[in-house]
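What follows is the content of coords_10.txt (compact mmCIF, C-alpha atoms).
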# COMPACT_ATOMS: atom_id res chain seq x y z
CA MET A 20 14.36 131.23 -71.16
CA TYR A 21 12.60 133.14 -68.37
CA PHE A 22 12.36 136.18 -70.67
CA TRP A 23 10.45 134.12 -73.24
CA TYR A 24 8.21 132.55 -70.59
CA LYS A 25 7.36 135.96 -69.15
CA LEU A 26 6.72 137.38 -72.63
CA SER A 27 4.38 134.51 -73.46
CA THR A 28 2.33 135.19 -70.31
CA TYR A 29 2.06 138.90 -71.25
CA LEU A 30 0.85 137.88 -74.73
CA PHE A 31 -1.66 135.51 -73.12
CA TYR A 32 -3.00 138.28 -70.86
CA PRO A 33 -5.76 139.67 -73.18
CA PHE A 34 -6.97 136.15 -74.03
CA ALA A 35 -7.07 134.81 -70.47
CA PRO A 36 -10.69 135.86 -69.74
CA ILE A 37 -11.80 134.07 -72.93
CA TYR A 38 -9.79 130.98 -71.97
CA LEU A 39 -11.40 130.89 -68.52
CA PHE A 40 -14.86 131.55 -69.95
CA ILE A 41 -14.52 128.52 -72.24
CA ARG A 42 -13.44 126.43 -69.23
CA LYS A 43 -16.48 127.74 -67.35
CA ILE A 44 -18.78 126.58 -70.17
CA LYS A 45 -17.14 123.14 -69.87
CA ASN A 46 -17.81 123.21 -66.08
CA LYS A 47 -14.08 123.30 -65.33
CA GLU A 48 -14.50 126.70 -63.66
CA ASP A 49 -17.31 128.41 -61.76
CA SER A 50 -18.06 132.10 -61.20
CA THR A 51 -15.79 132.25 -58.13
CA SER A 52 -12.77 130.55 -59.70
CA TYR A 53 -13.23 132.65 -62.86
CA LYS A 54 -12.93 135.91 -60.90
CA GLU A 55 -10.19 134.79 -58.54
CA LYS A 56 -7.99 133.39 -61.32
CA LEU A 57 -8.07 136.91 -62.77
CA SER A 58 -7.03 138.18 -59.33
CA ARG A 59 -10.37 139.81 -58.59
CA ILE A 60 -10.17 139.38 -54.81
CA GLU A 61 -13.18 140.10 -52.59
CA ILE A 62 -11.84 138.79 -49.25
CA ALA A 63 -10.18 141.36 -46.99
CA ARG A 64 -6.63 140.87 -45.68
CA GLU A 65 -6.83 141.34 -41.93
CA GLU A 66 -3.94 142.29 -39.64
CA GLY A 67 -1.53 139.70 -38.26
CA PHE A 68 0.82 136.94 -39.38
CA LEU A 69 -0.52 135.25 -42.52
CA ILE A 70 0.82 131.92 -43.75
CA TRP A 71 -0.08 130.90 -47.30
CA PHE A 72 -0.30 127.31 -48.57
CA HIS A 73 -0.72 126.55 -52.26
CA VAL A 74 -1.83 123.17 -53.65
CA ALA A 75 -2.82 122.18 -57.16
CA SER A 76 -5.49 119.53 -56.81
CA VAL A 77 -7.31 117.07 -54.55
CA GLY A 78 -4.36 114.81 -53.71
CA GLU A 79 -2.17 117.69 -52.58
CA ALA A 80 -5.06 119.27 -50.68
CA MET A 81 -5.68 116.08 -48.72
CA SER A 82 -1.97 115.58 -48.00
CA ILE A 83 -1.57 118.87 -46.14
CA LEU A 84 -4.73 118.79 -44.01
CA PRO A 85 -2.78 117.61 -40.92
CA LEU A 86 -0.18 120.32 -41.54
CA ILE A 87 -2.89 122.98 -41.75
CA GLU A 88 -4.46 121.65 -38.54
CA SER A 89 -1.08 121.94 -36.85
CA CYS A 90 -0.76 125.57 -38.03
CA VAL A 91 -4.29 126.36 -36.83
CA GLU A 92 -3.12 125.46 -33.31
CA GLU A 93 -0.05 127.74 -33.57
CA LYS A 94 -0.85 130.97 -31.71
CA LYS A 95 1.72 133.00 -33.66
CA ILE A 96 -0.25 132.40 -36.88
CA ASP A 97 -3.27 134.68 -37.18
CA LYS A 98 -4.56 133.71 -40.63
CA ILE A 99 -4.07 130.81 -43.04
CA LEU A 100 -4.67 131.39 -46.74
CA LEU A 101 -5.20 128.28 -48.89
CA THR A 102 -5.04 128.51 -52.67
CA SER A 103 -5.68 125.81 -55.23
CA ILE A 104 -6.34 125.44 -58.94
CA THR A 105 -9.02 122.79 -59.44
CA LEU A 106 -12.68 123.11 -58.49
CA SER A 107 -12.59 119.76 -56.68
CA SER A 108 -9.72 120.81 -54.40
CA GLY A 109 -11.47 124.11 -53.69
CA LYS A 110 -14.65 122.31 -52.65
CA ILE A 111 -12.79 119.96 -50.32
CA LEU A 112 -10.82 122.74 -48.63
CA LYS A 113 -13.87 124.97 -48.21
CA LYS A 114 -15.91 122.07 -46.83
CA ARG A 115 -13.15 121.15 -44.41
CA PHE A 116 -12.54 124.62 -42.96
CA ASN A 117 -15.84 126.45 -43.50
CA LYS A 118 -16.35 126.83 -39.73
CA ASN A 119 -12.80 127.91 -38.96
CA VAL A 120 -12.44 131.72 -38.95
CA LYS A 121 -8.66 131.41 -39.11
CA VAL A 122 -8.63 129.59 -42.47
CA PHE A 123 -9.94 130.74 -45.84
CA HIS A 124 -9.62 129.64 -49.46
CA GLN A 125 -9.34 131.28 -52.83
CA PHE A 126 -8.22 130.12 -56.27
CA LEU A 127 -4.70 130.97 -57.40
CA PRO A 128 -4.55 133.58 -60.17
CA LEU A 129 -3.09 132.64 -63.53
CA ASP A 130 0.69 133.08 -63.73
CA VAL A 131 0.49 136.47 -65.45
CA PRO A 132 2.67 139.15 -63.76
CA ILE A 133 -0.05 141.79 -63.36
CA TRP A 134 -2.36 139.31 -61.59
CA THR A 135 0.25 137.52 -59.46
CA ASN A 136 1.62 140.90 -58.35
CA ARG A 137 -1.88 142.08 -57.44
CA PHE A 138 -2.42 138.86 -55.50
CA LEU A 139 0.78 139.29 -53.48
CA ASP A 140 0.18 142.99 -52.86
CA HIS A 141 -3.28 142.20 -51.51
CA TRP A 142 -2.41 139.26 -49.25
CA LYS A 143 1.14 140.23 -48.25
CA PRO A 144 1.89 136.70 -46.94
CA ASN A 145 4.51 136.44 -44.21
CA LEU A 146 5.36 132.90 -45.33
CA SER A 147 4.64 131.12 -48.63
CA ILE A 148 4.50 127.33 -48.89
CA PHE A 149 4.06 125.48 -52.17
CA ILE A 150 3.07 121.81 -51.96
CA ASP A 151 4.34 118.88 -54.03
CA SER A 152 5.50 120.09 -57.47
CA GLU A 153 3.63 123.34 -58.07
CA ILE A 154 6.03 125.65 -59.93
CA TRP A 155 4.85 129.01 -61.32
CA PRO A 156 7.89 131.04 -62.49
CA ASN A 157 6.36 134.55 -62.49
CA LEU A 158 4.80 134.08 -59.08
CA ILE A 159 7.96 132.55 -57.60
CA SER A 160 10.10 135.39 -58.99
CA GLN A 161 7.81 138.03 -57.50
CA ILE A 162 7.74 136.27 -54.10
CA SER A 163 11.54 136.31 -54.13
CA LYS A 164 11.70 140.01 -55.11
CA LYS A 165 9.34 140.89 -52.25
CA LYS A 166 11.61 138.91 -49.90
CA ILE A 167 8.80 136.65 -48.70
CA PRO A 168 10.17 133.34 -47.32
CA LEU A 169 9.31 130.58 -49.83
CA LEU A 170 9.17 126.85 -49.01
CA LEU A 171 8.50 123.80 -51.17
CA VAL A 172 6.98 121.15 -48.90
CA ASN A 173 6.38 117.45 -49.61
CA ALA A 174 8.26 118.14 -52.83
CA ARG A 175 7.93 115.44 -55.47
CA ILE A 176 9.71 115.59 -58.81
CA THR A 177 8.93 112.63 -61.07
CA LYS A 178 11.43 111.29 -63.61
CA LYS A 179 9.17 112.55 -66.39
CA SER A 180 9.08 116.05 -64.89
CA PHE A 181 12.82 116.02 -64.18
CA ASP A 182 13.61 115.12 -67.80
CA ARG A 183 11.60 118.14 -68.97
CA TRP A 184 13.33 120.50 -66.53
CA LYS A 185 16.76 119.19 -67.60
CA LEU A 186 16.12 120.50 -71.11
CA ILE A 187 16.03 124.03 -69.65
CA ILE A 188 18.47 123.49 -66.78
CA SER A 189 19.65 127.11 -66.48
CA PHE A 190 16.03 128.27 -66.23
CA ALA A 191 15.33 125.51 -63.68
CA LYS A 192 18.26 126.55 -61.50
CA LYS A 193 17.06 130.14 -61.55
CA ILE A 194 13.58 129.10 -60.34
CA PHE A 195 14.38 126.30 -57.86
CA GLY A 196 17.23 128.35 -56.42
CA LYS A 197 14.68 130.89 -55.14
CA PHE A 198 13.20 128.45 -52.59
CA ASP A 199 14.52 129.05 -49.07
CA LEU A 200 13.83 125.44 -48.12
CA CYS A 201 12.75 122.30 -49.98
CA ILE A 202 11.36 119.47 -47.83
CA VAL A 203 11.18 116.47 -50.15
CA SER A 204 8.89 113.45 -49.96
CA ASN A 205 11.39 110.86 -51.25
CA LYS A 206 15.06 110.23 -52.09
CA GLU A 207 14.54 110.41 -55.84
CA SER A 208 13.13 113.93 -55.60
CA GLU A 209 16.00 114.90 -53.31
CA GLY A 210 18.51 113.92 -56.00
CA PHE A 211 16.57 115.60 -58.79
CA LEU A 212 16.21 118.89 -56.87
CA LYS A 213 19.93 119.05 -56.17
CA ILE A 214 20.61 118.86 -59.91
CA LEU A 215 17.87 121.44 -60.62
CA GLY A 216 19.49 124.01 -58.34
CA ALA A 217 17.63 123.78 -55.03
CA LYS A 218 20.01 124.73 -52.20
CA ASN A 219 18.48 123.85 -48.84
CA ILE A 220 16.99 120.34 -49.08
CA LYS A 221 15.70 118.13 -46.25
CA ASN A 222 14.07 114.71 -46.42
CA TYR A 223 11.71 113.53 -43.67
CA GLY A 224 9.36 111.39 -45.75
CA ASN A 225 5.95 111.78 -47.36
CA LEU A 226 3.36 113.88 -45.50
CA LYS A 227 0.63 111.67 -46.91
CA PHE A 228 1.51 109.13 -44.22
CA THR A 229 0.10 111.59 -41.68
CA LYS A 230 -3.36 111.10 -40.27
CA ASN A 231 -5.76 114.02 -39.89
CA LYS A 232 -6.47 114.86 -36.27
CA THR A 233 -10.11 115.53 -37.00
CA GLU A 234 -11.41 113.37 -39.83
CA LEU A 235 -14.39 114.43 -41.89
CA ASN A 236 -17.52 112.32 -41.54
CA ASN A 237 -16.38 109.07 -43.13
CA LYS A 238 -19.36 107.00 -42.05
CA LEU A 239 -21.75 105.62 -44.62
CA ASP A 240 -25.50 105.58 -44.15
CA SER A 241 -26.62 102.89 -41.67
CA ASP A 242 -29.36 101.59 -44.00
CA PHE A 243 -26.77 101.05 -46.71
CA LEU A 244 -24.37 99.35 -44.27
CA ASN A 245 -27.14 96.98 -43.19
CA LYS A 246 -27.78 96.02 -46.82
CA ILE A 247 -24.16 95.06 -47.45
CA GLN A 248 -23.20 93.56 -44.08
CA ASN A 249 -22.96 90.04 -45.52
CA ARG A 250 -21.15 90.98 -48.73
CA LYS A 251 -17.51 90.32 -49.65
CA ILE A 252 -16.21 93.82 -50.44
CA TRP A 253 -13.13 95.19 -52.21
CA CYS A 254 -12.21 98.48 -53.91
CA GLY A 255 -10.57 99.40 -57.19
CA ALA A 256 -9.34 102.93 -56.45
CA SER A 257 -7.77 105.78 -58.45
CA THR A 258 -8.44 103.81 -61.61
CA HIS A 259 -7.56 105.01 -65.11
CA PRO A 260 -8.87 103.91 -68.53
CA THR A 261 -8.73 100.09 -69.02
CA GLU A 262 -8.40 99.48 -65.26
CA GLU A 263 -12.14 99.72 -64.62
CA ILE A 264 -12.67 96.90 -67.15
CA LEU A 265 -9.89 94.96 -65.43
CA CYS A 266 -11.68 95.37 -62.07
CA ALA A 267 -14.99 94.34 -63.62
CA LYS A 268 -13.47 91.19 -65.13
CA SER A 269 -11.89 90.39 -61.77
CA HIS A 270 -15.33 90.82 -60.18
CA LEU A 271 -16.85 88.31 -62.60
CA LYS A 272 -14.12 85.75 -61.84
CA ILE A 273 -14.49 86.21 -58.08
CA LYS A 274 -18.26 85.87 -58.45
CA GLU A 275 -17.79 82.31 -59.68
CA ARG A 276 -16.59 81.52 -56.15
CA TYR A 277 -18.41 84.11 -54.06
CA LYS A 278 -21.88 85.09 -55.23
CA ASN A 279 -22.07 87.85 -52.63
CA ILE A 280 -19.09 89.80 -53.97
CA LEU A 281 -19.45 93.60 -54.10
CA THR A 282 -16.88 95.68 -55.98
CA ILE A 283 -16.46 99.41 -55.43
CA ILE A 284 -14.75 101.35 -58.22
CA ILE A 285 -13.37 104.81 -57.46
CA PRO A 286 -12.12 106.39 -60.72
CA ARG A 287 -9.29 108.92 -60.51
CA HIS A 288 -11.34 111.35 -62.62
CA ILE A 289 -15.07 111.34 -61.96
CA ASP A 290 -15.85 113.10 -65.25
CA ARG A 291 -15.34 109.63 -66.76
CA VAL A 292 -18.14 108.04 -64.69
CA LYS A 293 -20.72 108.04 -67.50
CA THR A 294 -18.28 106.37 -69.92
CA ILE A 295 -17.25 103.80 -67.29
CA TYR A 296 -20.90 103.05 -66.49
CA GLU A 297 -21.63 102.35 -70.14
CA GLU A 298 -18.51 100.15 -70.55
CA LEU A 299 -19.26 98.02 -67.50
CA SER A 300 -22.95 97.67 -68.32
CA LYS A 301 -21.95 95.87 -71.52
CA LEU A 302 -20.51 93.10 -69.34
CA GLY A 303 -23.95 92.42 -67.90
CA LEU A 304 -23.13 93.91 -64.50
CA LYS A 305 -25.62 95.71 -62.30
CA ILE A 306 -24.12 99.08 -61.39
CA VAL A 307 -25.19 101.74 -58.90
CA VAL A 308 -23.48 105.14 -58.61
CA SER A 309 -22.52 106.24 -55.10
CA SER A 310 -24.87 109.24 -55.19
CA ASN A 311 -27.75 106.72 -55.32
CA LEU A 312 -26.72 104.21 -52.64
CA SER A 313 -30.35 103.69 -51.66
CA GLN A 314 -30.70 101.73 -54.91
CA VAL A 315 -28.15 99.11 -53.82
CA ASP A 316 -29.62 95.65 -53.29
CA ASN A 317 -28.40 92.03 -53.17
CA GLU A 318 -28.11 91.95 -56.96
CA THR A 319 -25.81 94.98 -57.20
CA ASP A 320 -22.39 94.06 -58.61
CA ILE A 321 -20.58 97.39 -58.77
CA ILE A 322 -20.78 100.64 -56.83
CA LEU A 323 -19.28 103.36 -59.04
CA VAL A 324 -18.17 106.38 -57.00
CA ASP A 325 -19.21 109.60 -58.74
CA SER A 326 -17.93 112.30 -56.35
CA TYR A 327 -14.59 113.40 -54.93
CA GLY A 328 -13.54 113.10 -51.30
CA GLU A 329 -15.51 109.89 -50.67
CA SER A 330 -12.68 107.34 -50.77
CA LEU A 331 -12.20 107.01 -47.01
CA LYS A 332 -15.83 106.00 -46.53
CA PHE A 333 -15.35 103.03 -48.83
CA TYR A 334 -11.87 102.12 -47.59
CA ASN A 335 -13.41 101.86 -44.12
CA ILE A 336 -15.70 99.01 -45.24
CA SER A 337 -13.11 97.23 -47.37
CA LYS A 338 -10.11 95.11 -46.35
CA HIS A 339 -8.62 94.99 -49.84
CA VAL A 340 -7.85 97.77 -52.33
CA PHE A 341 -6.41 97.69 -55.84
CA LEU A 342 -4.61 100.98 -56.60
CA GLY A 343 -4.82 102.11 -60.22
CA LYS A 344 -2.52 103.83 -62.69
CA SER A 345 -0.37 100.75 -62.17
CA LEU A 346 -1.63 98.43 -64.92
CA THR A 347 -2.10 100.97 -67.72
CA THR A 348 0.79 100.49 -70.13
CA ALA A 349 0.22 103.91 -71.72
CA LEU A 350 1.13 105.56 -68.39
CA THR A 351 4.30 103.63 -67.52
CA LYS A 352 6.49 106.77 -67.56
CA ASP A 353 4.20 108.51 -65.07
CA SER A 354 2.80 105.58 -63.16
CA GLY A 355 1.31 104.79 -59.79
CA GLN A 356 -1.16 106.38 -57.39
CA ASN A 357 -0.53 106.98 -53.72
CA PRO A 358 -1.56 103.94 -51.61
CA ILE A 359 -1.01 105.52 -48.19
CA GLU A 360 -4.64 106.46 -47.49
CA PRO A 361 -6.08 102.90 -47.65
CA ALA A 362 -2.91 101.47 -46.04
CA ARG A 363 -3.38 103.79 -43.03
CA LEU A 364 -6.83 102.24 -42.59
CA GLY A 365 -5.37 98.73 -42.49
CA CYS A 366 -6.28 97.67 -46.03
CA LYS A 367 -4.23 95.14 -48.01
CA ILE A 368 -2.96 96.89 -51.15
CA PHE A 369 -2.80 95.32 -54.61
CA HIS A 370 -1.10 97.10 -57.49
CA GLY A 371 0.34 96.55 -60.94
CA PRO A 372 4.05 96.65 -61.86
CA TYR A 373 3.99 100.33 -62.90
CA VAL A 374 4.37 102.40 -59.73
CA SER A 375 7.39 104.61 -60.45
CA ASN A 376 5.87 107.74 -58.87
CA PHE A 377 5.50 106.02 -55.49
CA ALA A 378 8.18 103.33 -55.61
CA GLU A 379 9.56 104.16 -52.14
CA ILE A 380 6.12 104.04 -50.54
CA TYR A 381 5.28 100.70 -52.13
CA LYS A 382 8.64 99.35 -50.98
CA TYR A 383 7.81 100.41 -47.41
CA LEU A 384 4.36 98.80 -47.57
CA ASN A 385 5.87 95.63 -49.00
CA GLU A 386 8.28 95.50 -46.05
CA LEU A 387 5.25 95.72 -43.77
CA GLY A 388 3.71 92.82 -45.69
CA ILE A 389 0.55 94.63 -46.75
CA SER A 390 1.08 95.09 -50.49
CA LYS A 391 1.22 92.70 -53.42
CA GLU A 392 1.96 93.14 -57.11
CA VAL A 393 -0.42 91.66 -59.70
CA ASN A 394 -0.07 91.70 -63.48
CA ASN A 395 -3.60 91.11 -64.79
CA SER A 396 -7.22 90.54 -63.81
CA ASN A 397 -6.63 86.81 -63.38
CA GLU A 398 -3.88 87.34 -60.80
CA LEU A 399 -5.94 90.00 -59.04
CA SER A 400 -9.04 87.81 -58.83
CA LEU A 401 -7.08 84.77 -57.61
CA SER A 402 -5.38 86.88 -54.94
CA LEU A 403 -8.70 88.30 -53.75
CA VAL A 404 -10.31 84.86 -53.64
CA GLU A 405 -7.51 83.72 -51.33
CA GLU A 406 -7.95 86.81 -49.17
CA PHE A 407 -11.69 86.24 -48.86
CA LYS A 408 -11.07 82.58 -48.01
CA ASP A 409 -8.79 83.49 -45.07
CA ASN A 410 -11.15 86.27 -43.97
CA LYS A 411 -8.51 87.89 -41.78
CA PRO A 412 -9.46 91.11 -39.93
CA LYS A 413 -7.61 94.34 -40.59
CA ASN A 414 -4.26 94.49 -38.83
CA PRO A 415 -4.33 97.28 -36.19
CA GLU A 416 -0.60 96.90 -35.51
CA ILE A 417 0.32 97.74 -39.10
CA ALA A 418 -2.05 100.72 -39.07
CA ALA A 419 -0.44 101.90 -35.81
CA LYS A 420 3.08 101.64 -37.32
CA ILE A 421 2.03 103.73 -40.30
CA GLU A 422 0.36 106.28 -38.01
CA THR A 423 3.51 106.61 -35.87
CA HIS A 424 5.63 106.98 -39.01
CA GLY A 425 3.29 109.74 -40.21
CA GLU A 426 3.36 111.57 -36.88
CA ASN A 427 7.16 111.68 -36.95
CA ILE A 428 7.11 113.13 -40.47
CA LEU A 429 4.54 115.77 -39.53
CA ASN A 430 6.45 116.78 -36.38
CA ASN A 431 9.67 117.25 -38.34
CA VAL A 432 8.03 119.25 -41.12
CA THR A 433 6.15 121.42 -38.61
CA MET A 434 9.41 122.07 -36.74
CA GLU A 435 11.03 123.32 -39.96
CA ILE A 436 8.11 125.60 -40.80
CA LYS A 437 8.07 127.13 -37.31
CA LYS A 438 11.61 128.40 -37.92
CA TYR A 439 10.07 130.91 -40.38
CA ILE A 440 7.25 132.07 -38.08

Using structure tokens, write down the structure from this file.
Amino acid sequence: MYFWYKLSTYLFYPFAPIYLFIRKIKNKEDSTSYKEKLSRIEIAREEGFLIWFHVASVGEAMSILPLIESCVEEKKIDKILLTSITLSSGKILKKRFNKNVKVFHQFLPLDVPIWTNRFLDHWKPNLSIFIDSEIWPNLISQISKKKIPLLLVNARITKKSFDRWKLIISFAKKIFGKFDLCIVSNKESEGFLKILGAKNIKNYGNLKFTKNKTELNNKLDSDFLNKIQNRKIWCGASTHPTEEILCAKSHLKIKERYKNILTIIIPRHIDRVKTIYEELSKLGLKIVVSSNLSQVDNETDIILVDSYGESLKFYNISKHVFLGKSLTTALTKDSGQNPIEPARLGCKIFHGPYVSNFAEIYKYLNELGISKEVNNSNELSLSLVEEFKDNKPKNPEIAAKIETHGENILNNVTMEIKKYI
């Protein structure tokens, strides 16, 4: 199977620049990502111990920020290379570490042997760490051949992904067997990785429980905060198609009881913002996008977030959050979004019945008494009305428990990584 995969990447090689150029036209790449995904590297590799972290997208990038901060403080590490695939993750990582001379970012080259080999020959990482479920066979094989220690951290294998790997189990065992250590984020992934051939597996919990030591500026503009200080506020976050309508209908039902209700919708993919805006406008709602918060007034119904990396700002002003990808029946086999971020800020979490990707986390939050399952907009609106009636403050004790849990996970993961430094 690996022979055929490798052959297909060689055949793709002459067409890759065209493929990336088309993505650039569609604004899915920029000039930097275009060059770097073809392994045209312009950053010099300086002397010293270099640790390399690879993430795919925004969620993975945010999850390892505390881990990167911990490595920044480690004197034995001279440089930290961060690679990612999506433009949004690249922007977040560059914004976060643009003033840190120890950390730099570039986009991962496509998994074509000539480019991955050039990438490794240039950077010569002393330690490679892949995050979550990023598996690139050519790259992993070359890392192994060059005898570079390779770790899979916060590993998460969904049932859907596992079923695909099972169809090519011998290939899977060849790839997963090359990892020196797999630190999983949950028990389900631990079981799946054992079957897929991973040898050294440890389970400390999900790194997303960990709080960043130095948060980005998560404060909203004071003029905006003054405008909404008397509003009842809740968020619909990481929403997928149909869930924005569900949130809007819940808003209308809540408005029958509380005229000062303000709903914040944070779609999982902001390229859908225009479509969502048009859909919600048909319901007679007054909508303002987050890039124009100065337009918010007492008549505003919905704030529609139109940029990545802004969620924390809105979780900070909300006590209640509905997490999406949990009431979309079309996504039941790959369901749920991670609720840890708002939970860490003391928010009460509402979610639908479809949360298979994060079942263990939701179980933990339910044990803490800060999550509740709802099945439709009526149940969600009734639950929120009750919450607004009680008007309870955020629970600092729960937030402290989650923070302590996260610190323990980070300490254990950091301890394992230091064994390779």

What is the atom CA of Lys47 of chain A-atom CA of Pro156 of chain A distance in Å, reported with one decimal?
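Atom CA of Lys47 of chain A sits 23.5 Å away from atom CA of Pro156 of chain A.
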
Nearest-residue call for Asn249 of chain A, choices A:Asn317, A:Ala267, A:Met434, A:Asn237, using only C-alpha atoms:
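Counting only C-alpha atoms, the residue closest to Asn249 of chain A is A:Asn317.
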
Between atom CA of Ile336 of chain A and atom CA of Leu387 of chain A, measure the distance and give it in Å to one decimal.
21.3 Å

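With distances restricted to all atoms listed in the file, A:Tyr439 is the closest residue to Lys95 of chain A from A:Phe34, A:Trp155, A:Phe228, A:Tyr439.
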
Could you give me, as a list in words, the residues that sit within 12 Å of (-20.1, 127.5, -57.8) in the file's coordinates, counting only C-alpha atoms?
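The residues that fall inside the cut-off are Lys43, Asn46, Lys47, Glu48, Asp49, Ser50, Thr51, Ser52, Tyr53, Lys54, Leu106, Ser107, Gly109, Lys110 and Lys113 of chain A.
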
Spatial neighbours of Thr423 of chain A, 10 Å, all atoms listed in the file, chain gap at least 6 places, as an MDAnalysis selection string
chainID A and resid 228:230 417 429

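If you measure from each of A:Thr28, A:Thr282, A:Ser147, A:Asn231 to Pro132 of chain A using all atoms listed in the file, the closest one turns out to be A:Thr28.
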
Nearest-residue call for Leu271 of chain A, choices A:Leu302, A:Trp253, A:Ala174, A:Ile283, using only C-alpha atoms:
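Once distances to Leu271 of chain A are computed over only C-alpha atoms, the minimum belongs to A:Leu302.
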
Could you work out how far atom CA of Lys56 of chain A lies from atom CA of Asp130 of chain A, giving the answer in Å with one decimal?
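Taking atom CA of Asp130 of chain A as the start and atom CA of Lys56 of chain A as the end point, the length is 9.0 Å.
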
Go ahead and find all residues with at least one atom no further than 9 Å from (-11.7, 121.0, -44.9) in the file's coordinates, using all atoms listed in the file; report them as a list in words.
Ala80, Met81, Leu84, Lys110, Ile111, Leu112, Lys113, Lys114, Arg115, Phe116, Asn117 and Leu235 of chain A

Now that the selection is made, can you save its residues with C-alpha atoms as a PDB file, in the frame of the given file?
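What follows is the written file out_24.pdb:
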ATOM      1  CA  ALA A  80      -5.060 119.270 -50.680  1.00  0.00           C
ATOM      2  CA  MET A  81      -5.680 116.080 -48.720  1.00  0.00           C
ATOM      3  CA  LEU A  84      -4.730 118.790 -44.010  1.00  0.00           C
ATOM      4  CA  LYS A 110     -14.650 122.310 -52.650  1.00  0.00           C
ATOM      5  CA  ILE A 111     -12.790 119.960 -50.320  1.00  0.00           C
ATOM      6  CA  LEU A 112     -10.820 122.740 -48.630  1.00  0.00           C
ATOM      7  CA  LYS A 113     -13.870 124.970 -48.210  1.00  0.00           C
ATOM      8  CA  LYS A 114     -15.910 122.070 -46.830  1.00  0.00           C
ATOM      9  CA  ARG A 115     -13.150 121.150 -44.410  1.00  0.00           C
ATOM     10  CA  PHE A 116     -12.540 124.620 -42.960  1.00  0.00           C
ATOM     11  CA  ASN A 117     -15.840 126.450 -43.500  1.00  0.00           C
ATOM     12  CA  LEU A 235     -14.390 114.430 -41.890  1.00  0.00           C
TER      13      LEU A 235
END

Under the rule that all atoms listed in the file are counted, which of A:Leu39, A:Leu346, A:Cys201, A:Val308 is the nearest residue to His259 of chain A?
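Comparing A:Leu39, A:Leu346, A:Cys201, A:Val308 against His259 of chain A, the winner is A:Leu346.
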
Could you work out an axis-aligned bounding box for all listed atoms of segment 169-173 of chain A, with 3 Å added on each of the six sides, and give its centre and edge lengths in Å to one decimal, as JSON?
{"center_x": 7.8, "center_y": 124.0, "center_z": -50.0, "size_x": 8.9, "size_y": 19.1, "size_z": 8.3}

Closest of A:Gln125, A:Thr102, A:Asn205, A:Ser180 to Phe149 of chain A, counting all atoms listed in the file, is A:Thr102

Would you mind writing segment 331-343 of chain A with N, CA and C atoms, as a PDB file, keeping the file's coordinate frame?
ATOM      1  N   LEU A 331     -12.356 107.539 -48.364  1.00  0.00           N
ATOM      2  CA  LEU A 331     -12.200 107.010 -47.010  1.00  0.00           C
ATOM      3  C   LEU A 331     -13.424 106.225 -46.552  1.00  0.00           C
ATOM      4  N   LYS A 332     -14.600 106.689 -46.935  1.00  0.00           N
ATOM      5  CA  LYS A 332     -15.830 106.000 -46.530  1.00  0.00           C
ATOM      6  C   LYS A 332     -15.853 104.563 -47.023  1.00  0.00           C
ATOM      7  N   PHE A 333     -15.324 104.368 -48.239  1.00  0.00           N
ATOM      8  CA  PHE A 333     -15.350 103.030 -48.830  1.00  0.00           C
ATOM      9  C   PHE A 333     -14.142 102.200 -48.412  1.00  0.00           C
ATOM     10  N   TYR A 334     -13.011 102.855 -48.135  1.00  0.00           N
ATOM     11  CA  TYR A 334     -11.870 102.120 -47.590  1.00  0.00           C
ATOM     12  C   TYR A 334     -12.219 101.552 -46.207  1.00  0.00           C
ATOM     13  N   ASN A 335     -13.033 102.298 -45.463  1.00  0.00           N
ATOM     14  CA  ASN A 335     -13.410 101.860 -44.120  1.00  0.00           C
ATOM     15  C   ASN A 335     -14.168 100.530 -44.124  1.00  0.00           C
ATOM     16  N   ILE A 336     -14.905 100.244 -45.200  1.00  0.00           N
ATOM     17  CA  ILE A 336     -15.700  99.010 -45.240  1.00  0.00           C
ATOM     18  C   ILE A 336     -15.043  97.927 -46.092  1.00  0.00           C
ATOM     19  N   SER A 337     -13.820  98.190 -46.527  1.00  0.00           N
ATOM     20  CA  SER A 337     -13.110  97.230 -47.370  1.00  0.00           C
ATOM     21  C   SER A 337     -11.782  96.845 -46.731  1.00  0.00           C
ATOM     22  N   LYS A 338     -11.405  95.572 -46.853  1.00  0.00           N
ATOM     23  CA  LYS A 338     -10.110  95.110 -46.350  1.00  0.00           C
ATOM     24  C   LYS A 338      -9.060  95.072 -47.454  1.00  0.00           C
ATOM     25  N   HIS A 339      -9.519  95.176 -48.720  1.00  0.00           N
ATOM     26  CA  HIS A 339      -8.620  94.990 -49.840  1.00  0.00           C
ATOM     27  C   HIS A 339      -8.851  96.080 -50.892  1.00  0.00           C
ATOM     28  N   VAL A 340      -7.751  96.676 -51.362  1.00  0.00           N
ATOM     29  CA  VAL A 340      -7.850  97.770 -52.330  1.00  0.00           C
ATOM     30  C   VAL A 340      -6.832  97.564 -53.445  1.00  0.00           C
ATOM     31  N   PHE A 341      -7.310  97.641 -54.681  1.00  0.00           N
ATOM     32  CA  PHE A 341      -6.410  97.690 -55.840  1.00  0.00           C
ATOM     33  C   PHE A 341      -6.198  99.146 -56.200  1.00  0.00           C
ATOM     34  N   LEU A 342      -4.935  99.595 -56.252  1.00  0.00           N
ATOM     35  CA  LEU A 342      -4.610 100.980 -56.600  1.00  0.00           C
ATOM     36  C   LEU A 342      -4.273 101.074 -58.077  1.00  0.00           C
ATOM     37  N   GLY A 343      -4.961 101.984 -58.774  1.00  0.00           N
ATOM     38  CA  GLY A 343      -4.820 102.110 -60.220  1.00  0.00           C
ATOM     39  C   GLY A 343      -3.612 102.894 -60.682  1.00  0.00           C
TER      40      GLY A 343
END
